[in-house]
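Structure file model-v8.cif; described as mmCIF, C-alpha atoms and all ligand atoms.
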data_coords
#
loop_
_atom_site.label_atom_id
_atom_site.label_comp_id
_atom_site.auth_asym_id
_atom_site.auth_seq_id
_atom_site.Cartn_x
_atom_site.Cartn_y
_atom_site.Cartn_z
CA MET A 1 -8.65 45.69 -25.91
CA ALA A 2 -6.28 48.10 -27.61
CA GLU A 3 -5.02 47.25 -31.04
CA LYS A 4 -1.41 46.17 -30.86
CA CYS A 5 0.99 45.95 -33.70
CA VAL A 6 3.22 42.91 -33.44
CA LYS A 7 6.81 43.45 -34.49
CA ILE A 8 8.68 40.60 -36.09
CA LYS A 9 12.23 40.59 -37.37
CA ARG A 10 12.38 40.34 -41.14
CA ALA A 11 15.11 37.67 -40.98
CA THR A 12 12.93 35.59 -38.66
CA LEU A 13 9.97 35.83 -41.01
CA GLU A 14 12.20 34.88 -43.93
CA ALA A 15 13.43 31.83 -42.01
CA ILE A 16 9.80 30.83 -41.38
CA SER A 17 9.02 31.23 -45.07
CA LYS A 18 12.00 29.05 -46.00
CA ALA A 19 11.21 26.35 -43.43
CA ALA A 20 7.59 26.16 -44.57
CA LYS A 21 8.72 25.76 -48.19
CA ASN A 22 11.25 23.09 -47.22
CA LEU A 23 8.71 21.02 -45.31
CA TYR A 24 5.94 21.29 -47.88
CA PRO A 25 3.69 19.30 -48.36
CA ASN A 26 4.03 18.69 -44.63
CA GLU A 27 3.19 21.25 -42.04
CA PHE A 28 5.87 23.33 -40.39
CA PHE A 29 5.42 24.05 -36.70
CA ALA A 30 7.61 26.01 -34.28
CA LEU A 31 7.31 28.41 -31.40
CA LEU A 32 7.95 32.12 -31.65
CA GLY A 33 10.22 33.67 -29.07
CA SER A 34 11.71 36.96 -28.09
CA THR A 35 15.25 37.27 -26.78
CA LYS A 36 14.91 40.92 -25.83
CA LYS A 37 12.78 42.90 -23.44
CA ASN A 38 11.21 44.90 -26.26
CA SER A 39 9.21 41.80 -27.23
CA ILE A 40 10.10 41.91 -30.91
CA ILE A 41 9.74 38.39 -32.26
CA ASP A 42 13.25 37.40 -33.27
CA GLU A 43 13.51 33.70 -32.52
CA ILE A 44 12.08 30.51 -33.97
CA VAL A 45 12.11 27.62 -31.57
CA MET A 46 12.15 24.31 -33.33
CA ILE A 47 10.80 21.68 -31.02
CA PRO A 48 10.55 17.94 -31.42
CA SER A 49 7.37 17.38 -33.37
CA LEU A 50 5.67 14.91 -35.57
CA TYR A 51 5.00 16.46 -38.91
CA GLY A 52 1.89 15.43 -40.71
CA LYS A 53 -0.40 16.68 -43.40
CA GLU A 54 -3.19 17.32 -40.90
CA HIS A 55 -1.56 18.89 -37.92
CA ALA A 56 1.82 18.94 -36.27
CA SER A 57 1.87 17.74 -32.71
CA PHE A 58 4.48 18.72 -30.21
CA ARG A 59 5.61 18.48 -26.61
CA LEU A 60 5.67 21.74 -24.71
CA ASP A 61 7.68 20.11 -21.92
CA LEU A 62 10.65 19.89 -24.30
CA VAL A 63 10.72 23.62 -24.96
CA PRO A 64 13.86 25.45 -23.84
CA VAL A 65 13.20 28.34 -21.48
CA ASP A 66 16.12 30.74 -21.84
CA PHE A 67 13.96 33.42 -23.49
CA SER A 68 10.29 34.26 -23.56
CA ILE A 69 7.92 32.27 -25.72
CA LYS A 70 5.49 34.63 -27.44
CA GLY A 71 3.44 32.18 -29.41
CA SER A 72 3.54 29.75 -32.29
CA VAL A 73 3.97 29.56 -36.02
CA HIS A 74 2.74 26.91 -38.40
CA SER A 75 2.23 26.51 -42.09
CA HIS A 76 -0.95 25.69 -43.96
CA PRO A 77 -0.11 23.67 -47.05
CA SER A 78 -3.76 24.11 -48.06
CA GLY A 79 -3.54 27.77 -48.98
CA SER A 80 -5.88 29.21 -46.35
CA ASN A 81 -4.11 31.33 -43.79
CA PHE A 82 -6.92 31.51 -41.28
CA PRO A 83 -6.94 29.35 -38.14
CA SER A 84 -8.72 26.01 -38.20
CA ARG A 85 -10.89 24.79 -35.32
CA ALA A 86 -7.96 22.67 -34.16
CA ASP A 87 -5.72 25.74 -34.26
CA LEU A 88 -8.12 27.64 -32.02
CA ARG A 89 -7.89 24.84 -29.45
CA VAL A 90 -4.08 24.85 -29.51
CA PHE A 91 -3.48 28.64 -29.61
CA PRO A 92 -4.32 29.40 -25.94
CA LYS A 93 -1.81 26.75 -24.84
CA THR A 94 1.14 28.16 -26.76
CA GLY A 95 1.19 31.90 -26.13
CA GLU A 96 -0.53 35.03 -27.36
CA ILE A 97 0.75 35.48 -30.90
CA HIS A 98 0.17 32.92 -33.62
CA LEU A 99 1.48 33.13 -37.13
CA ILE A 100 0.00 31.14 -39.98
CA ILE A 101 1.74 31.07 -43.32
CA SER A 102 -0.06 29.47 -46.22
CA TYR A 103 1.04 28.11 -49.57
CA PRO A 104 3.16 29.33 -51.41
CA PHE A 105 4.71 30.56 -48.13
CA THR A 106 5.96 33.99 -49.09
CA ILE A 107 6.02 36.71 -46.46
CA ASN A 108 2.80 38.03 -47.99
CA ASN A 109 1.09 34.72 -47.13
CA ALA A 110 1.59 35.29 -43.40
CA ARG A 111 -1.11 36.35 -40.99
CA LEU A 112 -0.94 36.82 -37.24
CA PHE A 113 -3.66 36.04 -34.75
CA ASP A 114 -4.14 36.30 -31.03
CA SER A 115 -4.96 33.26 -28.92
CA LYS A 116 -8.68 33.71 -29.65
CA GLY A 117 -8.09 33.72 -33.39
CA ARG A 118 -8.54 37.46 -33.92
CA GLU A 119 -6.28 38.86 -36.59
CA LEU A 120 -3.42 41.08 -35.37
CA GLU A 121 -1.69 43.94 -37.10
CA TRP A 122 1.99 43.29 -37.63
CA GLN A 123 5.10 44.77 -39.20
CA THR A 124 8.60 43.59 -39.95
CA ILE A 125 11.67 45.14 -38.38
CA ASP A 126 15.07 45.00 -40.07
ZN ZN B 201 -3.52 25.39 -38.74
#

Kindly present the structure from the file in structure tokens form.
Amino acid sequence: MAEKCVKIKRATLEAISKAAKNLYPNEFFALLGSTKKNSIIDEIVMIPSLYGKEHASFRLDLVPVDFSIKGSVHSHPSGSNFPSRADLRVFPKTGEIHLIISYPFTINNARLFDSKGRELEWQTID
């Protein structure tokens, strides 16, 4: 499969960074969406979830559908920004692009993966 570079709006990534910091030591979870046809990730979809130290759970049936869901984002309070085994089970159910941001949750602590847990190239767009 061809290498694809995921584009994510800088403001969206900054909002993710802030939310992850705010929820620490709990895990932040949301969906990533795109409001435009160019598929730049520019939307965070907060959905009703139960935050916990282990893993956030959520209900996909409560997700609004007025734009396309591209994937998910969650924080790792632990400091590792690679997917856990549980993450790899959840990824295929929530889209194709999955962002993990680890402690201390700066933009440089973010990594993107596909639904199989392979790391994706990405860049921010202003
Ligand atoms: Zn995880």

At a cut-off of 10 Å around the point (-5.1, 31.5, -49.1) (file coordinates), what residues fall inside when counting all atoms listed in the file? I'd like the answer as a PyMOL selection string. chain A and resi 76-82+101-105+109-110

Return as a list in words every polymer residue, whether protein, DNA or RNA, with at least one atom no more than 8 Å from an atom of ligand ZN 201 (chain B); count all atoms listed in the file.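 So the residues close to ligand ZN 201 (chain B) are His55, His74, Ser75, His76, Asn81, Phe82, Pro83, Ser84, Ala86, Asp87 and Ile100 of chain A.
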
CA of Arg10 in chain A to CA of Arg89 in chain A, distance in Å rounded to a single decimal: 28.1 Å

Which residues, written as a ChimeraX atom specification, have at least one atom at most 7 Å from Ile44 in chain A, with all atoms listed in the file counted and residues fewer than 3 positions away on the same chain left out? /A:12,30-33

Edge lengths and centre in Å, axis-aligned, range 23-39 of chain A plus 6 Å each side, as lines of an AutoDock Vina configuration file:
center_x = 9.2
center_y = 31.8
center_z = -35.9
size_x = 24.1
size_y = 38.2
size_z = 36.9

To one decimal place in Å, what is the distance between CA of Met46 in chain A and CA of Lys116 in chain A?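 Interatomic distance, CA of Met46 in chain A to CA of Lys116 in chain A: 23.1 Å.
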
At a cut-off of 6 Å around the point (7.6, 40.9, -39.7) (file coordinates), what residues fall inside when counting all atoms listed in the file? I'd like the answer as a ChimeraX atom specification. /A:7-10,13,123-124

One decimal, in Å: what's the spacing between CA of Gly71 in chain A and CA of His98 in chain A?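 Between these atoms lies a distance of 5.4 Å.
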
Reconstructed N, CA and C atoms for range 77-105 of chain A, given as a PDB file, in the coordinates of the input:
ATOM      1  N   PRO A  77      -0.345  24.086 -45.658  1.00  0.00           N
ATOM      2  CA  PRO A  77      -0.110  23.670 -47.050  1.00  0.00           C
ATOM      3  C   PRO A  77      -1.335  23.855 -47.928  1.00  0.00           C
ATOM      4  N   SER A  78      -2.508  23.993 -47.317  1.00  0.00           N
ATOM      5  CA  SER A  78      -3.760  24.110 -48.060  1.00  0.00           C
ATOM      6  C   SER A  78      -3.918  25.412 -48.821  1.00  0.00           C
ATOM      7  N   GLY A  79      -3.348  26.487 -48.316  1.00  0.00           N
ATOM      8  CA  GLY A  79      -3.540  27.770 -48.980  1.00  0.00           C
ATOM      9  C   GLY A  79      -4.380  28.754 -48.200  1.00  0.00           C
ATOM     10  N   SER A  80      -5.137  28.278 -47.205  1.00  0.00           N
ATOM     11  CA  SER A  80      -5.880  29.210 -46.350  1.00  0.00           C
ATOM     12  C   SER A  80      -4.982  29.630 -45.200  1.00  0.00           C
ATOM     13  N   ASN A  81      -4.926  30.917 -44.933  1.00  0.00           N
ATOM     14  CA  ASN A  81      -4.110  31.330 -43.790  1.00  0.00           C
ATOM     15  C   ASN A  81      -4.957  31.866 -42.635  1.00  0.00           C
ATOM     16  N   PHE A  82      -6.113  31.237 -42.458  1.00  0.00           N
ATOM     17  CA  PHE A  82      -6.920  31.510 -41.280  1.00  0.00           C
ATOM     18  C   PHE A  82      -6.911  30.282 -40.369  1.00  0.00           C
ATOM     19  N   PRO A  83      -7.041  30.486 -39.060  1.00  0.00           N
ATOM     20  CA  PRO A  83      -6.940  29.350 -38.140  1.00  0.00           C
ATOM     21  C   PRO A  83      -8.079  28.336 -38.305  1.00  0.00           C
ATOM     22  N   SER A  84      -7.723  27.067 -38.181  1.00  0.00           N
ATOM     23  CA  SER A  84      -8.720  26.010 -38.200  1.00  0.00           C
ATOM     24  C   SER A  84      -9.298  25.865 -36.793  1.00  0.00           C
ATOM     25  N   ARG A  85     -10.328  25.040 -36.660  1.00  0.00           N
ATOM     26  CA  ARG A  85     -10.890  24.790 -35.320  1.00  0.00           C
ATOM     27  C   ARG A  85      -9.853  24.177 -34.399  1.00  0.00           C
ATOM     28  N   ALA A  86      -9.030  23.283 -34.960  1.00  0.00           N
ATOM     29  CA  ALA A  86      -7.960  22.670 -34.160  1.00  0.00           C
ATOM     30  C   ALA A  86      -6.954  23.735 -33.715  1.00  0.00           C
ATOM     31  N   ASP A  87      -6.644  24.665 -34.604  1.00  0.00           N
ATOM     32  CA  ASP A  87      -5.720  25.740 -34.260  1.00  0.00           C
ATOM     33  C   ASP A  87      -6.246  26.536 -33.064  1.00  0.00           C
ATOM     34  N   LEU A  88      -7.531  26.820 -33.081  1.00  0.00           N
ATOM     35  CA  LEU A  88      -8.120  27.640 -32.020  1.00  0.00           C
ATOM     36  C   LEU A  88      -8.092  26.926 -30.670  1.00  0.00           C
ATOM     37  N   ARG A  89      -8.031  25.585 -30.705  1.00  0.00           N
ATOM     38  CA  ARG A  89      -7.890  24.840 -29.450  1.00  0.00           C
ATOM     39  C   ARG A  89      -6.455  24.890 -28.946  1.00  0.00           C
ATOM     40  N   VAL A  90      -5.489  24.894 -29.878  1.00  0.00           N
ATOM     41  CA  VAL A  90      -4.080  24.850 -29.510  1.00  0.00           C
ATOM     42  C   VAL A  90      -3.539  26.241 -29.135  1.00  0.00           C
ATOM     43  N   PHE A  91      -4.029  27.282 -29.807  1.00  0.00           N
ATOM     44  CA  PHE A  91      -3.480  28.640 -29.610  1.00  0.00           C
ATOM     45  C   PHE A  91      -3.372  29.056 -28.134  1.00  0.00           C
ATOM     46  N   PRO A  92      -4.427  28.902 -27.324  1.00  0.00           N
ATOM     47  CA  PRO A  92      -4.320  29.400 -25.940  1.00  0.00           C
ATOM     48  C   PRO A  92      -3.244  28.687 -25.127  1.00  0.00           C
ATOM     49  N   LYS A  93      -2.815  27.510 -25.589  1.00  0.00           N
ATOM     50  CA  LYS A  93      -1.810  26.750 -24.840  1.00  0.00           C
ATOM     51  C   LYS A  93      -0.387  27.143 -25.202  1.00  0.00           C
ATOM     52  N   THR A  94      -0.226  27.899 -26.263  1.00  0.00           N
ATOM     53  CA  THR A  94       1.140  28.160 -26.760  1.00  0.00           C
ATOM     54  C   THR A  94       1.428  29.652 -26.919  1.00  0.00           C
ATOM     55  N   GLY A  95       0.838  30.487 -26.097  1.00  0.00           N
ATOM     56  CA  GLY A  95       1.190  31.900 -26.130  1.00  0.00           C
ATOM     57  C   GLY A  95       0.101  32.782 -26.704  1.00  0.00           C
ATOM     58  N   GLU A  96       0.473  34.017 -26.993  1.00  0.00           N
ATOM     59  CA  GLU A  96      -0.530  35.030 -27.360  1.00  0.00           C
ATOM     60  C   GLU A  96      -0.480  35.454 -28.816  1.00  0.00           C
ATOM     61  N   ILE A  97       0.586  35.049 -29.514  1.00  0.00           N
ATOM     62  CA  ILE A  97       0.750  35.480 -30.900  1.00  0.00           C
ATOM     63  C   ILE A  97       0.942  34.247 -31.774  1.00  0.00           C
ATOM     64  N   HIS A  98       0.130  34.128 -32.807  1.00  0.00           N
ATOM     65  CA  HIS A  98       0.170  32.920 -33.620  1.00  0.00           C
ATOM     66  C   HIS A  98       0.220  33.278 -35.091  1.00  0.00           C
ATOM     67  N   LEU A  99       1.278  32.821 -35.725  1.00  0.00           N
ATOM     68  CA  LEU A  99       1.480  33.130 -37.130  1.00  0.00           C
ATOM     69  C   LEU A  99       1.082  31.924 -37.972  1.00  0.00           C
ATOM     70  N   ILE A 100       0.322  32.183 -38.998  1.00  0.00           N
ATOM     71  CA  ILE A 100       0.000  31.140 -39.980  1.00  0.00           C
ATOM     72  C   ILE A 100       0.507  31.616 -41.330  1.00  0.00           C
ATOM     73  N   ILE A 101       1.253  30.747 -41.980  1.00  0.00           N
ATOM     74  CA  ILE A 101       1.740  31.070 -43.320  1.00  0.00           C
ATOM     75  C   ILE A 101       1.232  29.999 -44.265  1.00  0.00           C
ATOM     76  N   SER A 102       0.572  30.432 -45.323  1.00  0.00           N
ATOM     77  CA  SER A 102      -0.060  29.470 -46.220  1.00  0.00           C
ATOM     78  C   SER A 102       0.707  29.380 -47.541  1.00  0.00           C
ATOM     79  N   TYR A 103       0.437  28.322 -48.252  1.00  0.00           N
ATOM     80  CA  TYR A 103       1.040  28.110 -49.570  1.00  0.00           C
ATOM     81  C   TYR A 103       0.811  29.332 -50.446  1.00  0.00           C
ATOM     82  N   PRO A 104       1.794  29.841 -51.190  1.00  0.00           N
ATOM     83  CA  PRO A 104       3.160  29.330 -51.410  1.00  0.00           C
ATOM     84  C   PRO A 104       4.212  29.852 -50.418  1.00  0.00           C
ATOM     85  N   PHE A 105       3.797  30.278 -49.255  1.00  0.00           N
ATOM     86  CA  PHE A 105       4.710  30.560 -48.130  1.00  0.00           C
ATOM     87  C   PHE A 105       5.638  31.757 -48.336  1.00  0.00           C
TER      88      PHE A 105
END
